[in-house]
$ cat model_26.cif   # mmCIF, C-alpha atoms
data_start
#
loop_
_atom_site.label_atom_id
_atom_site.label_comp_id
_atom_site.auth_asym_id
_atom_site.auth_seq_id
_atom_site.Cartn_x
_atom_site.Cartn_y
_atom_site.Cartn_z
CA MET T 1 69.31 71.74 203.36
CA SER T 2 68.24 75.19 202.17
CA GLY T 3 67.72 77.61 205.00
CA ASN T 4 69.86 75.64 207.44
CA GLU T 5 73.44 76.38 208.15
CA VAL T 6 76.02 73.62 208.06
CA VAL T 7 78.51 74.11 210.87
CA THR T 8 81.93 72.61 210.21
CA ASP T 9 85.65 73.09 210.82
CA VAL T 10 86.68 73.87 207.26
CA VAL T 11 85.01 74.81 203.99
CA ILE T 12 87.14 74.09 200.94
CA ILE T 13 86.19 75.99 197.80
CA GLY T 14 87.18 73.87 194.81
CA ALA T 15 87.29 70.09 194.38
CA GLY T 16 90.30 69.96 192.07
CA PRO T 17 93.34 67.86 193.01
CA VAL T 18 94.65 70.44 195.45
CA GLY T 19 91.29 70.90 197.21
CA LEU T 20 90.93 67.12 197.44
CA PHE T 21 94.37 66.57 198.94
CA ALA T 22 93.68 69.35 201.44
CA VAL T 23 90.89 67.10 202.80
CA PHE T 24 93.60 64.52 203.52
CA GLU T 25 96.00 66.87 205.27
CA LEU T 26 93.20 68.51 207.27
CA GLY T 27 91.80 65.08 208.12
CA LEU T 28 95.10 64.00 209.63
CA VAL T 29 94.79 66.86 212.10
CA ASP T 30 91.13 65.99 212.82
CA LEU T 31 89.47 68.77 210.88
CA LYS T 32 86.18 67.98 209.18
CA CYS T 33 85.69 69.44 205.70
CA HIS T 34 82.87 70.41 203.40
CA VAL T 35 83.95 70.84 199.77
CA ILE T 36 82.05 73.03 197.30
CA ASP T 37 82.54 73.00 193.52
CA ILE T 38 80.73 74.49 190.54
CA LEU T 39 81.23 71.33 188.48
CA ASP T 40 79.00 68.30 189.02
CA ARG T 41 81.89 66.01 189.99
CA PRO T 42 85.33 66.14 191.62
CA GLY T 43 88.57 66.78 189.73
CA GLY T 44 88.40 70.42 188.65
CA GLN T 45 90.53 71.12 185.58
CA CYS T 46 91.76 67.51 185.65
CA ALA T 47 88.18 66.30 185.16
CA GLU T 48 86.86 69.07 182.95
CA LEU T 49 89.77 69.97 180.67
CA TYR T 50 91.94 66.91 180.38
CA PRO T 51 90.43 63.76 181.97
CA GLU T 52 92.20 61.50 179.50
CA LYS T 53 95.46 63.41 179.10
CA PRO T 54 98.50 61.95 180.79
CA ILE T 55 100.22 64.00 183.50
CA TYR T 56 103.92 63.21 183.93
CA ASP T 57 105.00 65.34 186.89
CA ILE T 58 103.16 63.83 189.83
CA PRO T 59 105.79 62.37 192.19
CA ALA T 60 105.85 58.55 192.07
CA PHE T 61 103.47 58.42 189.10
CA PRO T 62 105.53 58.29 185.89
CA GLU T 63 102.26 58.77 184.05
CA ILE T 64 98.70 59.26 185.26
CA SER T 65 95.58 60.69 183.61
CA GLY T 66 93.62 63.59 185.03
CA GLN T 67 90.76 61.22 185.79
CA GLY T 68 93.11 58.62 187.29
CA LEU T 69 94.63 61.23 189.60
CA THR T 70 91.16 62.36 190.68
CA ASP T 71 89.99 58.80 191.31
CA ASN T 72 93.09 58.04 193.38
CA LEU T 73 92.68 61.18 195.45
CA MET T 74 89.02 60.37 196.13
CA LYS T 75 90.10 56.93 197.34
CA GLN T 76 92.88 58.41 199.46
CA ILE T 77 90.60 60.90 201.22
CA ALA T 78 87.63 58.55 201.64
CA PRO T 79 88.46 57.75 205.31
CA PHE T 80 87.90 61.38 206.27
CA GLY T 81 84.28 61.53 205.15
CA ALA T 82 84.36 64.99 203.64
CA GLU T 83 80.98 66.12 202.34
CA PHE T 84 80.74 67.36 198.79
CA HIS T 85 78.42 70.04 197.45
CA PHE T 86 78.58 70.01 193.66
CA SER T 87 77.07 72.18 190.91
CA GLN T 88 77.14 75.31 192.99
CA MET T 89 79.28 78.37 193.22
CA VAL T 90 80.29 80.19 196.38
CA THR T 91 78.99 83.71 196.02
CA GLN T 92 79.55 85.20 199.46
CA LEU T 93 82.19 84.90 202.11
CA GLU T 94 81.71 86.98 205.26
CA LYS T 95 83.53 87.14 208.55
CA LEU T 96 81.33 86.73 211.62
CA ASP T 97 81.80 88.42 215.00
CA ASP T 98 83.18 85.27 216.63
CA GLY T 99 85.95 85.05 214.00
CA SER T 100 84.36 82.27 211.98
CA PHE T 101 83.13 82.64 208.41
CA ARG T 102 79.80 82.30 206.67
CA VAL T 103 79.98 80.86 203.18
CA THR T 104 76.92 81.14 200.92
CA THR T 105 76.44 79.48 197.54
CA ASP T 106 74.27 80.35 194.55
CA ALA T 107 72.11 77.35 195.53
CA ASP T 108 71.51 79.18 198.82
CA GLU T 109 73.35 76.64 200.93
CA LYS T 110 75.03 78.24 203.91
CA PHE T 111 78.02 77.05 205.88
CA VAL T 112 79.68 78.36 209.01
CA ALA T 113 83.34 77.37 209.30
CA LYS T 114 86.30 78.33 211.43
CA VAL T 115 88.59 78.13 208.43
CA VAL T 116 88.04 78.68 204.70
CA VAL T 117 90.41 77.23 202.13
CA ILE T 118 90.21 78.64 198.61
CA ALA T 119 91.50 76.03 196.17
CA ALA T 120 89.63 77.39 193.18
CA GLY T 121 92.35 77.05 190.52
CA GLY T 122 91.62 79.45 187.69
CA GLY T 123 88.21 80.29 189.13
CA SER T 124 84.78 78.89 188.33
CA PHE T 125 84.04 77.02 185.15
CA GLN T 126 81.44 78.94 183.15
CA PRO T 127 80.01 78.31 179.69
CA LYS T 128 81.82 80.03 176.82
CA ARG T 129 79.60 82.79 175.48
CA PRO T 130 79.46 83.20 171.69
CA PRO T 131 80.59 86.67 170.55
CA VAL T 132 77.14 87.55 169.23
CA PRO T 133 76.05 91.16 169.77
CA GLY T 134 73.33 91.58 172.39
CA ILE T 135 73.18 87.91 173.41
CA GLU T 136 73.11 88.92 177.10
CA GLU T 137 69.54 90.24 176.91
CA TYR T 138 68.29 86.84 175.72
CA GLU T 139 70.16 84.77 178.30
CA GLY T 140 67.92 82.95 180.74
CA LYS T 141 64.84 83.79 178.63
CA SER T 142 65.44 82.17 175.28
CA VAL T 143 69.20 81.53 175.20
CA PHE T 144 70.40 78.82 177.57
CA TYR T 145 73.80 77.23 178.17
CA ALA T 146 72.33 74.15 179.82
CA VAL T 147 68.98 72.40 179.87
CA ARG T 148 67.51 72.50 183.34
CA LYS T 149 63.86 71.83 182.50
CA MET T 150 63.07 69.99 179.29
CA GLU T 151 59.48 71.32 179.41
CA GLU T 152 60.76 74.80 178.55
CA PHE T 153 61.74 73.41 175.16
CA ARG T 154 58.42 71.76 174.27
CA ASN T 155 56.90 72.96 170.98
CA GLN T 156 59.74 75.40 170.50
CA ASP T 157 61.89 76.13 167.47
CA ILE T 158 65.22 75.05 168.87
CA VAL T 159 68.66 75.87 167.51
CA ILE T 160 71.61 74.01 169.02
CA VAL T 161 75.16 75.11 168.20
CA GLY T 162 78.24 72.95 168.70
CA GLY T 163 79.89 69.68 167.71
CA GLY T 164 80.55 67.86 170.96
CA ASP T 165 78.58 65.51 173.16
CA SER T 166 76.47 68.22 174.82
CA ALA T 167 75.25 69.48 171.44
CA LEU T 168 74.58 65.96 170.14
CA ASP T 169 72.97 64.61 173.31
CA TRP T 170 70.56 67.52 173.57
CA THR T 171 69.78 67.31 169.86
CA LEU T 172 68.72 63.69 170.38
CA ASN T 173 66.86 64.39 173.65
CA LEU T 174 64.99 67.51 172.58
CA GLU T 175 64.04 66.46 169.04
CA PRO T 176 60.92 64.49 170.11
CA LEU T 177 59.36 67.44 171.93
CA SER T 178 60.52 70.28 169.68
CA ARG T 179 58.45 72.02 167.02
CA SER T 180 61.61 72.23 164.91
CA LEU T 181 65.25 71.60 165.68
CA THR T 182 68.31 72.84 163.83
CA LEU T 183 71.83 71.74 164.69
CA VAL T 184 74.53 74.21 163.66
CA HIS T 185 78.23 73.36 163.59
CA ARG T 186 81.21 74.90 161.82
CA ARG T 187 82.17 71.69 160.00
CA ASP T 188 80.56 68.43 159.01
CA GLU T 189 82.60 66.46 161.55
CA PHE T 190 81.68 65.91 165.18
CA ARG T 191 83.86 65.07 168.12
CA GLY T 192 81.05 63.42 170.10
CA HIS T 193 80.46 59.70 170.50
CA ALA T 194 80.13 57.90 167.18
CA ASP T 195 76.81 56.41 168.26
CA SER T 196 75.33 59.86 168.92
CA VAL T 197 76.67 61.14 165.60
CA ASN T 198 74.99 58.23 163.77
CA LYS T 199 71.68 58.80 165.53
CA MET T 200 71.82 62.52 164.74
CA ARG T 201 72.56 61.79 161.06
CA ALA T 202 69.63 59.38 160.95
CA LEU T 203 67.32 62.13 162.23
CA VAL T 204 68.61 64.46 159.51
CA ALA T 205 68.06 61.75 156.88
CA ASP T 206 64.48 61.25 158.12
CA GLY T 207 63.82 64.97 157.86
CA LYS T 208 63.18 65.25 161.60
CA ILE T 209 65.94 67.79 162.23
CA ASN T 210 68.06 70.10 160.10
CA PHE T 211 71.81 70.29 160.11
CA VAL T 212 73.43 73.52 158.97
CA GLN T 213 77.16 73.83 158.54
CA GLY T 214 77.88 77.37 159.65
CA GLN T 215 78.23 79.80 162.50
CA LEU T 216 76.05 82.19 164.46
CA SER T 217 76.18 85.74 163.19
CA HIS T 218 73.38 87.56 164.98
CA LEU T 219 70.11 87.20 166.82
CA GLU T 220 66.67 88.58 166.06
CA GLY T 221 63.91 89.03 168.61
CA GLU T 222 62.40 91.40 171.11
CA GLY T 223 62.51 91.84 174.86
CA GLY T 224 64.69 88.80 175.36
CA GLN T 225 62.44 86.57 173.28
CA LEU T 226 64.24 85.22 170.26
CA SER T 227 62.45 84.78 166.93
CA HIS T 228 65.27 83.97 164.49
CA VAL T 229 68.96 83.29 164.50
CA HIS T 230 71.06 84.41 161.56
CA LEU T 231 73.82 82.16 160.38
CA LYS T 232 76.89 82.51 158.22
CA THR T 233 77.31 79.44 156.04
CA PRO T 234 79.63 78.54 153.17
CA ALA T 235 76.61 79.02 150.88
CA GLY T 236 75.88 82.50 152.23
CA ASP T 237 73.87 84.06 155.03
CA MET T 238 70.62 82.47 156.15
CA SER T 239 68.11 82.81 158.94
CA VAL T 240 66.40 80.05 160.91
CA PRO T 241 63.28 80.40 163.08
CA ALA T 242 64.38 80.04 166.67
CA THR T 243 62.58 80.54 169.96
CA ARG T 244 65.26 78.70 171.93
CA LEU T 245 69.02 78.80 171.37
CA LEU T 246 71.48 76.45 173.06
CA PRO T 247 75.15 77.28 172.39
CA PHE T 248 77.51 74.50 173.52
CA PHE T 249 81.12 75.68 173.23
CA GLY T 250 82.39 74.10 176.42
CA LEU T 251 83.53 75.78 179.59
CA THR T 252 86.17 78.30 180.50
CA MET T 253 87.36 79.52 183.88
CA LYS T 254 86.37 82.88 185.29
CA LEU T 255 87.62 84.26 188.60
CA GLY T 256 84.07 85.16 189.59
CA PRO T 257 83.08 86.34 193.07
CA VAL T 258 86.52 85.58 194.62
CA SER T 259 87.56 89.14 193.77
CA ASP T 260 84.74 90.58 195.93
CA TRP T 261 85.83 89.02 199.21
CA GLY T 262 88.23 91.74 200.31
CA LEU T 263 91.36 89.62 199.90
CA GLU T 264 94.60 91.19 198.77
CA LEU T 265 95.14 90.19 195.14
CA TYR T 266 98.16 90.00 192.87
CA GLU T 267 97.69 91.39 189.35
CA GLY T 268 93.94 91.41 189.93
CA ASN T 269 93.36 87.67 189.57
CA LEU T 270 95.54 85.77 192.04
CA ILE T 271 95.33 85.72 195.82
CA LYS T 272 98.42 86.82 197.74
CA VAL T 273 99.52 84.39 200.45
CA ASP T 274 102.51 83.90 202.73
CA THR T 275 104.74 80.87 202.23
CA GLU T 276 104.64 79.65 205.80
CA LYS T 277 100.91 78.98 206.09
CA PHE T 278 99.52 79.98 202.70
CA GLU T 279 97.17 82.32 204.49
CA THR T 280 95.59 85.26 202.68
CA SER T 281 95.47 88.87 203.88
CA VAL T 282 92.45 87.81 205.98
CA PRO T 283 93.50 85.51 208.85
CA GLY T 284 91.59 82.23 208.75
CA ILE T 285 91.19 82.29 204.97
CA PHE T 286 93.82 80.30 203.12
CA ALA T 287 94.47 79.99 199.38
CA ILE T 288 96.28 77.01 197.86
CA GLY T 289 97.00 75.75 194.34
CA ASP T 290 96.79 77.69 191.09
CA ILE T 291 94.75 80.55 192.55
CA ASN T 292 97.44 81.83 194.93
CA TRP T 293 100.55 83.85 194.37
CA TYR T 294 103.80 84.26 196.27
CA PRO T 295 107.32 85.01 195.08
CA GLY T 296 108.54 82.01 193.08
CA LYS T 297 105.06 80.49 192.67
CA LEU T 298 104.77 77.69 190.14
CA LYS T 299 101.35 76.49 189.05
CA LEU T 300 102.04 72.81 189.61
CA ILE T 301 99.78 70.23 191.22
CA LEU T 302 102.66 69.12 193.43
CA SER T 303 103.16 72.68 194.71
CA GLY T 304 99.48 72.78 195.65
CA PHE T 305 99.87 69.53 197.61
CA HIS T 306 102.76 71.02 199.60
CA GLU T 307 100.79 74.20 200.23
CA GLY T 308 97.90 72.11 201.57
CA ALA T 309 100.13 70.29 204.05
CA LEU T 310 101.48 73.50 205.57
CA MET T 311 98.07 75.17 205.50
CA ALA T 312 96.59 72.28 207.51
CA GLN T 313 98.98 72.88 210.42
CA ALA T 314 97.94 76.53 210.61
CA ALA T 315 94.25 75.67 210.15
CA LYS T 316 94.45 73.27 213.08
CA ARG T 317 95.73 76.04 215.39
CA ILE T 318 92.83 78.27 214.39
CA ALA T 319 90.11 75.62 214.56
CA HIS T 320 91.28 73.97 217.78
CA PRO T 321 93.22 76.66 219.64
CA GLY T 322 95.23 75.46 222.59
CA GLU T 323 95.37 71.90 221.36
CA LYS T 324 98.92 70.70 220.90
CA VAL T 325 99.78 69.88 217.29
CA ILE T 326 102.10 66.91 217.17
CA PHE T 327 103.82 66.28 213.88
CA GLN T 328 103.55 62.61 212.96
CA TYR T 329 104.19 60.26 210.04
CA THR T 330 101.55 57.96 208.55
CA THR T 331 104.20 55.21 208.36
CA SER T 332 104.74 55.08 212.12
CA SER T 333 101.84 56.71 213.94
CA THR T 334 99.12 54.31 215.06
CA LYS T 335 96.94 57.33 215.73
CA LEU T 336 97.17 58.48 212.12
CA GLN T 337 96.72 54.93 210.86
CA LYS T 338 93.50 54.67 212.86
CA LYS T 339 92.21 57.81 211.20
CA LEU T 340 93.06 56.25 207.85
CA GLY T 341 91.24 53.08 208.83
CA VAL T 342 94.29 50.87 208.40
CA ALA T 343 95.22 50.17 212.01
CA MET R 1 114.13 84.89 165.67
CA HIS R 2 110.93 86.82 166.26
CA ILE R 3 107.20 86.74 165.74
CA ILE R 4 104.80 89.60 165.10
CA VAL R 5 101.69 89.55 167.24
CA THR R 6 98.72 91.91 167.01
CA ASP R 7 96.89 92.04 170.33
CA GLN R 8 93.15 92.40 170.94
CA ASN R 9 93.51 96.20 170.92
CA GLY R 10 95.19 96.19 167.52
CA THR R 11 98.64 97.01 168.89
CA VAL R 12 101.42 95.25 167.01
CA HIS R 13 104.25 93.66 169.03
CA GLU R 14 107.48 92.21 167.71
CA LEU R 15 108.44 89.47 170.14
CA GLU R 16 111.72 87.62 170.38
CA ALA R 17 111.11 83.88 170.15
CA LEU R 18 113.24 80.87 170.91
CA GLU R 19 113.53 77.67 168.88
CA GLY R 20 111.28 74.93 170.23
CA TRP R 21 109.01 77.24 172.23
CA ARG R 22 105.31 77.12 171.54
CA VAL R 23 104.00 80.34 170.04
CA MET R 24 101.59 80.47 173.01
CA GLU R 25 104.54 80.38 175.41
CA VAL R 26 106.30 83.21 173.59
CA ILE R 27 103.16 85.36 173.73
CA ARG R 28 102.55 84.57 177.39
CA ASP R 29 106.19 85.10 178.34
CA TRP R 30 106.10 88.61 176.89
CA GLY R 31 103.01 89.40 178.94
CA LEU R 32 100.44 89.82 176.19
CA ASN R 33 96.76 89.13 176.91
CA ILE R 34 96.51 85.35 176.49
CA LYS R 35 94.65 83.07 178.85
CA ALA R 36 96.08 79.67 177.85
CA GLU R 37 94.35 78.08 180.81
CA CYS R 38 95.31 74.46 180.17
CA GLY R 39 98.99 75.35 179.88
CA GLY R 40 99.58 74.03 176.37
CA SER R 41 97.99 70.59 176.35
CA CYS R 42 95.49 71.35 173.56
CA ALA R 43 92.62 71.03 176.01
CA CYS R 44 91.01 74.47 176.33
CA ALA R 45 91.31 76.60 173.16
CA THR R 46 92.05 79.77 175.13
CA CYS R 47 95.27 80.47 173.19
CA HIS R 48 93.32 81.04 169.97
CA VAL R 49 95.02 83.15 167.27
CA PHE R 50 94.29 84.12 163.68
CA VAL R 51 97.22 83.39 161.39
CA ASP R 52 98.15 86.01 158.79
CA PRO R 53 97.10 84.76 155.30
CA GLU R 54 100.68 84.79 154.01
CA TRP R 55 101.66 82.35 156.76
CA GLU R 56 98.63 80.05 156.80
CA GLU R 57 99.99 77.57 154.27
CA ARG R 58 103.46 77.53 155.81
CA LEU R 59 102.35 76.00 159.11
CA ASN R 60 101.87 72.30 159.75
CA PRO R 61 98.14 71.68 159.37
CA PRO R 62 96.16 71.29 162.61
CA THR R 63 95.85 67.78 164.01
CA ALA R 64 92.43 66.19 164.50
CA GLU R 65 92.81 66.99 168.19
CA GLU R 66 93.40 70.68 167.47
CA GLU R 67 90.41 70.75 165.08
CA ASP R 68 88.27 69.24 167.84
CA MET R 69 89.34 71.97 170.25
CA LEU R 70 88.73 74.65 167.62
CA ASP R 71 85.10 73.48 167.67
CA THR R 72 84.86 75.04 171.13
CA VAL R 73 86.01 78.46 169.94
CA PRO R 74 82.94 80.60 169.31
CA ASP R 75 84.79 83.14 167.13
CA VAL R 76 86.52 80.58 164.88
CA ARG R 77 87.56 81.50 161.32
CA THR R 78 89.29 79.59 158.53
CA ASN R 79 92.69 80.88 159.68
CA SER R 80 92.10 80.02 163.35
CA ARG R 81 94.82 78.08 165.15
CA LEU R 82 95.71 77.25 168.72
CA SER R 83 99.04 78.92 169.38
CA CYS R 84 100.10 76.15 171.78
CA GLN R 85 100.19 73.82 168.81
CA ILE R 86 102.66 75.90 166.76
CA LEU R 87 106.29 75.20 167.61
CA MET R 88 108.85 77.91 166.86
CA SER R 89 111.57 77.08 164.34
CA GLU R 90 113.73 79.10 161.92
CA ASP R 91 111.10 78.55 159.21
CA LEU R 92 108.63 80.54 161.25
CA ASN R 93 110.88 83.55 161.80
CA GLY R 94 108.63 86.56 161.21
CA LEU R 95 105.34 84.64 161.72
CA LYS R 96 102.39 87.02 161.99
CA VAL R 97 99.38 86.20 164.16
CA THR R 98 96.52 88.13 165.76
CA LEU R 99 95.23 87.29 169.23
CA ALA R 100 91.53 86.35 169.21
CA ASP R 101 89.11 87.91 171.66
CA SER R 102 88.39 84.40 172.94
CA ALA R 103 92.03 84.14 174.06
CA ALA R 104 91.81 87.19 176.31
CA GLN R 105 92.06 86.90 180.07
CA GLU R 106 89.13 88.42 181.86
CA GLU R 107 89.52 92.01 182.92
CA ALA R 108 91.43 92.36 186.14
CA ALA R 109 89.07 93.29 188.97
#
$ encode --input "model_26.cif" --output "structure tokens"
Amino acid sequence: MSGNEVVTDVVIIGAGPVGLFAVFELGLVDLKCHVIDILDRPGGQCAELYPEKPIYDIPAFPEISGQGLTDNLMKQIAPFGAEFHFSQMVTQLEKLDDGSFRVTTDADEKFVAKVVVIAAGGGSFQPKRPPVPGIEEYEGKSVFYAVRKMEEFRNQDIVIVGGGDSALDWTLNLEPLSRSLTLVHRRDEFRGHADSVNKMRALVADGKINFVQGQLSHLEGEGGQLSHVHLKTPAGDMSVPATRLLPFFGLTMKLGPVSDWGLELYEGNLIKVDTEKFETSVPGIFAIGDINWYPGKLKLILSGFHEGALMAQAAKRIAHPGEKVIFQYTTSSTKLQKKLGVA
Amino acid sequence: MHIIVTDQNGTVHELEALEGWRVMEVIRDWGLNIKAECGGSCACATCHVFVDPEWEERLNPPTAEEEDMLDTVPDVRTNSRLSCQILMSEDLNGLKVTLADSAAQEEAA
């Protein structure tokens, strides 16, 4: 798709619950959506932070998990055929002369839409960076927060830090092609799958990898190329040869490029909207869910759903000017039921 | 009832606290620099604090779930806790904690 522009009614930035339900409300008024998210799957915070945690304040669901809510929303919006673009971050949002918007992602996909809906929650999920002095100069050269190409790890001295599934899975996957591999974790307990923990322990027992209980203290190398990592351990400081370092401390949300798009912000990290249409200071760009602010705002999923419903009415007027917007109920309107595929 | 919180700049704040509130909620309510992105469900570790040594032993020990989340804190120490997992009660009147760098919100643009 690179190089081509996707032309659509609406681009939704963020595939969390509020972005997903916006697809439904926009679909009811015949607007076609493309949804972009930095994660590799839908659900946003619900999928990344608490997929298994119960949520108790979704109307009509006394209890539902983050994953359950996401799955239900995906089912609910399926009739509208929204297209999803995962694992990419929107970097640019520009207004074009005809009033529409061009949206560009870090994967160089481009979209032209009449309406943009920012449903980005707390921002983009980014890897947590260890507080190690000077780590920035090694990033992308010998320090990585994800494995994109396994070949870059062949015959390398690899150090992996962390105690979850990412750390364990990559320990198991990279061990066969590494020159040496050291797993570093602050305690001798792992929160990953028991099976992965057992396999990792077997590799340690066979002398194929090392496990060090400890923490990163500093890095040694030159020009972005790592040679050793220094560790603090209960037994004292030590250094380990390392030409590749993979820290896996999970993800955290960063506002990211949203602050560069010329929108009026509140306290530097929330987008100001009105409470009639949830439109930002730039007409045609809306913000719904946790990322917006208005007097009385509550960061609740249900508030985001309401915001999406009102936004959709305003989006319709922008995308299809002159067309009459008739307010209808899904219980009684055959037209709406046809769109939902039930009539 | 109050708690004493040292922020990331080293400034000490004495904050009024209410029974039953999470320490994270007290800190957030008074507007100190705490991200607490998951809202208190022990799912993100961005309410990370260091507990003053004299108070460490007086808190309920962390649950397995809290220990798991502490694994995702890059600047963890032996006195690290998630402040959303500490509930205020009279016993904790005067509790002293220091906000970790990893609990800071990003700089406002």
$ residues_around --input "model_26.cif" --residues "Val12 (chain R)" --least-positions-apart "5" --cutoff "12 Å" --atoms "all atoms listed in the file" --output "list in words"
Ile3, Ile4, Val5, Thr6, Asp7, Leu32, Lys96, Val97, Thr98 and Leu99 of chain R
$ residues_around --input "model_26.cif" --residues "region 162-179 of chain T" --least-positions-apart "3" --cutoff "6 Å" --atoms "all atoms listed in the file" --output "mmCIF file with C-alpha atoms, in the frame of the given file"
data_model
loop_
_atom_site.group_PDB
_atom_site.id
_atom_site.type_symbol
_atom_site.label_atom_id
_atom_site.label_comp_id
_atom_site.auth_asym_id
_atom_site.auth_seq_id
_atom_site.Cartn_x
_atom_site.Cartn_y
_atom_site.Cartn_z
ATOM 1 C CA ARG T 154 58.420 71.760 174.270
ATOM 2 C CA ASN T 155 56.900 72.960 170.980
ATOM 3 C CA GLN T 156 59.740 75.400 170.500
ATOM 4 C CA ASP T 157 61.890 76.130 167.470
ATOM 5 C CA HIS T 185 78.230 73.360 163.590
ATOM 6 C CA PHE T 190 81.680 65.910 165.180
ATOM 7 C CA ARG T 191 83.860 65.070 168.120
ATOM 8 C CA GLY T 192 81.050 63.420 170.100
ATOM 9 C CA PHE T 248 77.510 74.500 173.520
#
$ closest_atom_pairs --input "model_26.cif" --of "chain T" --to "chain R" --cutoff "6 Å" --atoms "only C-alpha atoms" --output "tab-separated table"
residue	atom	partner	partner_atom	distance
T:Leu49	CA	R:Ala43	CA	5.6
T:Pro130	CA	R:Pro74	CA	5.0
T:Phe249	CA	R:Thr72	CA	4.3
T:Gly250	CA	R:Thr72	CA	5.9
T:Gly268	CA	R:Ala108	CA	4.6
$ resolve_selection --input "model_26.cif" --expression "the PyMOL selection byres ((chain T and resi 143-150) around 8)" --output "CSV table (one decimal) with C-alpha atoms, in the frame of the given file"
chain,number,residue,atom,x,y,z
T,127,PRO,CA,80.0,78.3,179.7
T,135,ILE,CA,73.2,87.9,173.4
T,138,TYR,CA,68.3,86.8,175.7
T,139,GLU,CA,70.2,84.8,178.3
T,140,GLY,CA,67.9,83.0,180.7
T,141,LYS,CA,64.8,83.8,178.6
T,142,SER,CA,65.4,82.2,175.3
T,151,GLU,CA,59.5,71.3,179.4
T,152,GLU,CA,60.8,74.8,178.6
T,153,PHE,CA,61.7,73.4,175.2
T,154,ARG,CA,58.4,71.8,174.3
T,174,LEU,CA,65.0,67.5,172.6
T,226,LEU,CA,64.2,85.2,170.3
T,244,ARG,CA,65.3,78.7,171.9
T,245,LEU,CA,69.0,78.8,171.4
T,246,LEU,CA,71.5,76.4,173.1
T,247,PRO,CA,75.2,77.3,172.4
T,248,PHE,CA,77.5,74.5,173.5
$ resolve_selection --input "model_26.cif" --expression "the PyMOL selection byres ((chain T and resi 264) around 12)" --output "number ranges by chain"
T: 258-263, 265-274, 279-283, 285-287, 292-294; R: 109
$ resolve_selection --input "model_26.cif" --expression "the PyMOL selection byres ((chain R and resi 24) around 9)" --output "PDB file with C-alpha atoms, in the coordinates of the input"
ATOM      1  CA  TRP R  21     109.010  77.240 172.230  1.00  0.00           C
ATOM      2  CA  ARG R  22     105.310  77.120 171.540  1.00  0.00           C
ATOM      3  CA  VAL R  23     104.000  80.340 170.040  1.00  0.00           C
ATOM      4  CA  GLU R  25     104.540  80.380 175.410  1.00  0.00           C
ATOM      5  CA  VAL R  26     106.300  83.210 173.590  1.00  0.00           C
ATOM      6  CA  ILE R  27     103.160  85.360 173.730  1.00  0.00           C
ATOM      7  CA  ARG R  28     102.550  84.570 177.390  1.00  0.00           C
ATOM      8  CA  ASP R  29     106.190  85.100 178.340  1.00  0.00           C
ATOM      9  CA  ILE R  34      96.510  85.350 176.490  1.00  0.00           C
ATOM     10  CA  ALA R  36      96.080  79.670 177.850  1.00  0.00           C
ATOM     11  CA  GLY R  39      98.990  75.350 179.880  1.00  0.00           C
ATOM     12  CA  GLY R  40      99.580  74.030 176.370  1.00  0.00           C
ATOM     13  CA  CYS R  47      95.270  80.470 173.190  1.00  0.00           C
ATOM     14  CA  HIS R  48      93.320  81.040 169.970  1.00  0.00           C
ATOM     15  CA  LEU R  82      95.710  77.250 168.720  1.00  0.00           C
ATOM     16  CA  SER R  83      99.040  78.920 169.380  1.00  0.00           C
ATOM     17  CA  CYS R  84     100.100  76.150 171.780  1.00  0.00           C
ATOM     18  CA  GLN R  85     100.190  73.820 168.810  1.00  0.00           C
ATOM     19  CA  ILE R  86     102.660  75.900 166.760  1.00  0.00           C
ATOM     20  CA  LEU R  87     106.290  75.200 167.610  1.00  0.00           C
TER      21      LEU R  87
END
$ residues_around --input "model_26.cif" --residues "region 316-326 of chain T" --least-positions-apart "2" --cutoff "9 Å" --atoms "only C-alpha atoms" --output "compact mmCIF listing (two decimals) with C-alpha atoms, in the frame of the given file"
# COMPACT_ATOMS: atom_id res chain seq x y z
CA ASP T 9 85.65 73.09 210.82
CA VAL T 10 86.68 73.87 207.26
CA LEU T 26 93.20 68.51 207.27
CA VAL T 29 94.79 66.86 212.10
CA ASP T 30 91.13 65.99 212.82
CA LEU T 31 89.47 68.77 210.88
CA ALA T 113 83.34 77.37 209.30
CA LYS T 114 86.30 78.33 211.43
CA VAL T 115 88.59 78.13 208.43
CA GLY T 284 91.59 82.23 208.75
CA MET T 311 98.07 75.17 205.50
CA ALA T 312 96.59 72.28 207.51
CA GLN T 313 98.98 72.88 210.42
CA ALA T 314 97.94 76.53 210.61
CA GLN T 328 103.55 62.61 212.96
$ axis_aligned_box --input "model_26.cif" --around "region 2-16 of chain R" --padding-each-side "5 Å" --output "AutoDock Vina command-line options"
--center_x 102.4 --center_y 91.9 --center_z 168.0 --size_x 28.6 --size_y 20.3 --size_z 15.8
$ decode --input "model_26.cif" --residues "region 192-203 of chain T" --atoms "C-alpha atoms" --output "PDB file, in the first residue's frame"
ATOM      1  CA  GLY T 192       5.875 -15.836  32.064  1.00  0.00           C
ATOM      2  CA  HIS T 193       4.258 -19.121  31.071  1.00  0.00           C
ATOM      3  CA  ALA T 194       5.404 -22.029  33.213  1.00  0.00           C
ATOM      4  CA  ASP T 195       6.386 -23.991  30.119  1.00  0.00           C
ATOM      5  CA  SER T 196       8.724 -21.214  28.936  1.00  0.00           C
ATOM      6  CA  VAL T 197      10.217 -20.902  32.426  1.00  0.00           C
ATOM      7  CA  ASN T 198      10.949 -24.653  32.472  1.00  0.00           C
ATOM      8  CA  LYS T 199      12.557 -24.566  29.032  1.00  0.00           C
ATOM      9  CA  MET T 200      14.684 -21.582  30.029  1.00  0.00           C
ATOM     10  CA  ARG T 201      15.812 -23.339  33.235  1.00  0.00           C
ATOM     11  CA  ALA T 202      16.723 -26.427  31.208  1.00  0.00           C
ATOM     12  CA  LEU T 203      18.950 -24.290  28.958  1.00  0.00           C
TER      13      LEU T 203
END
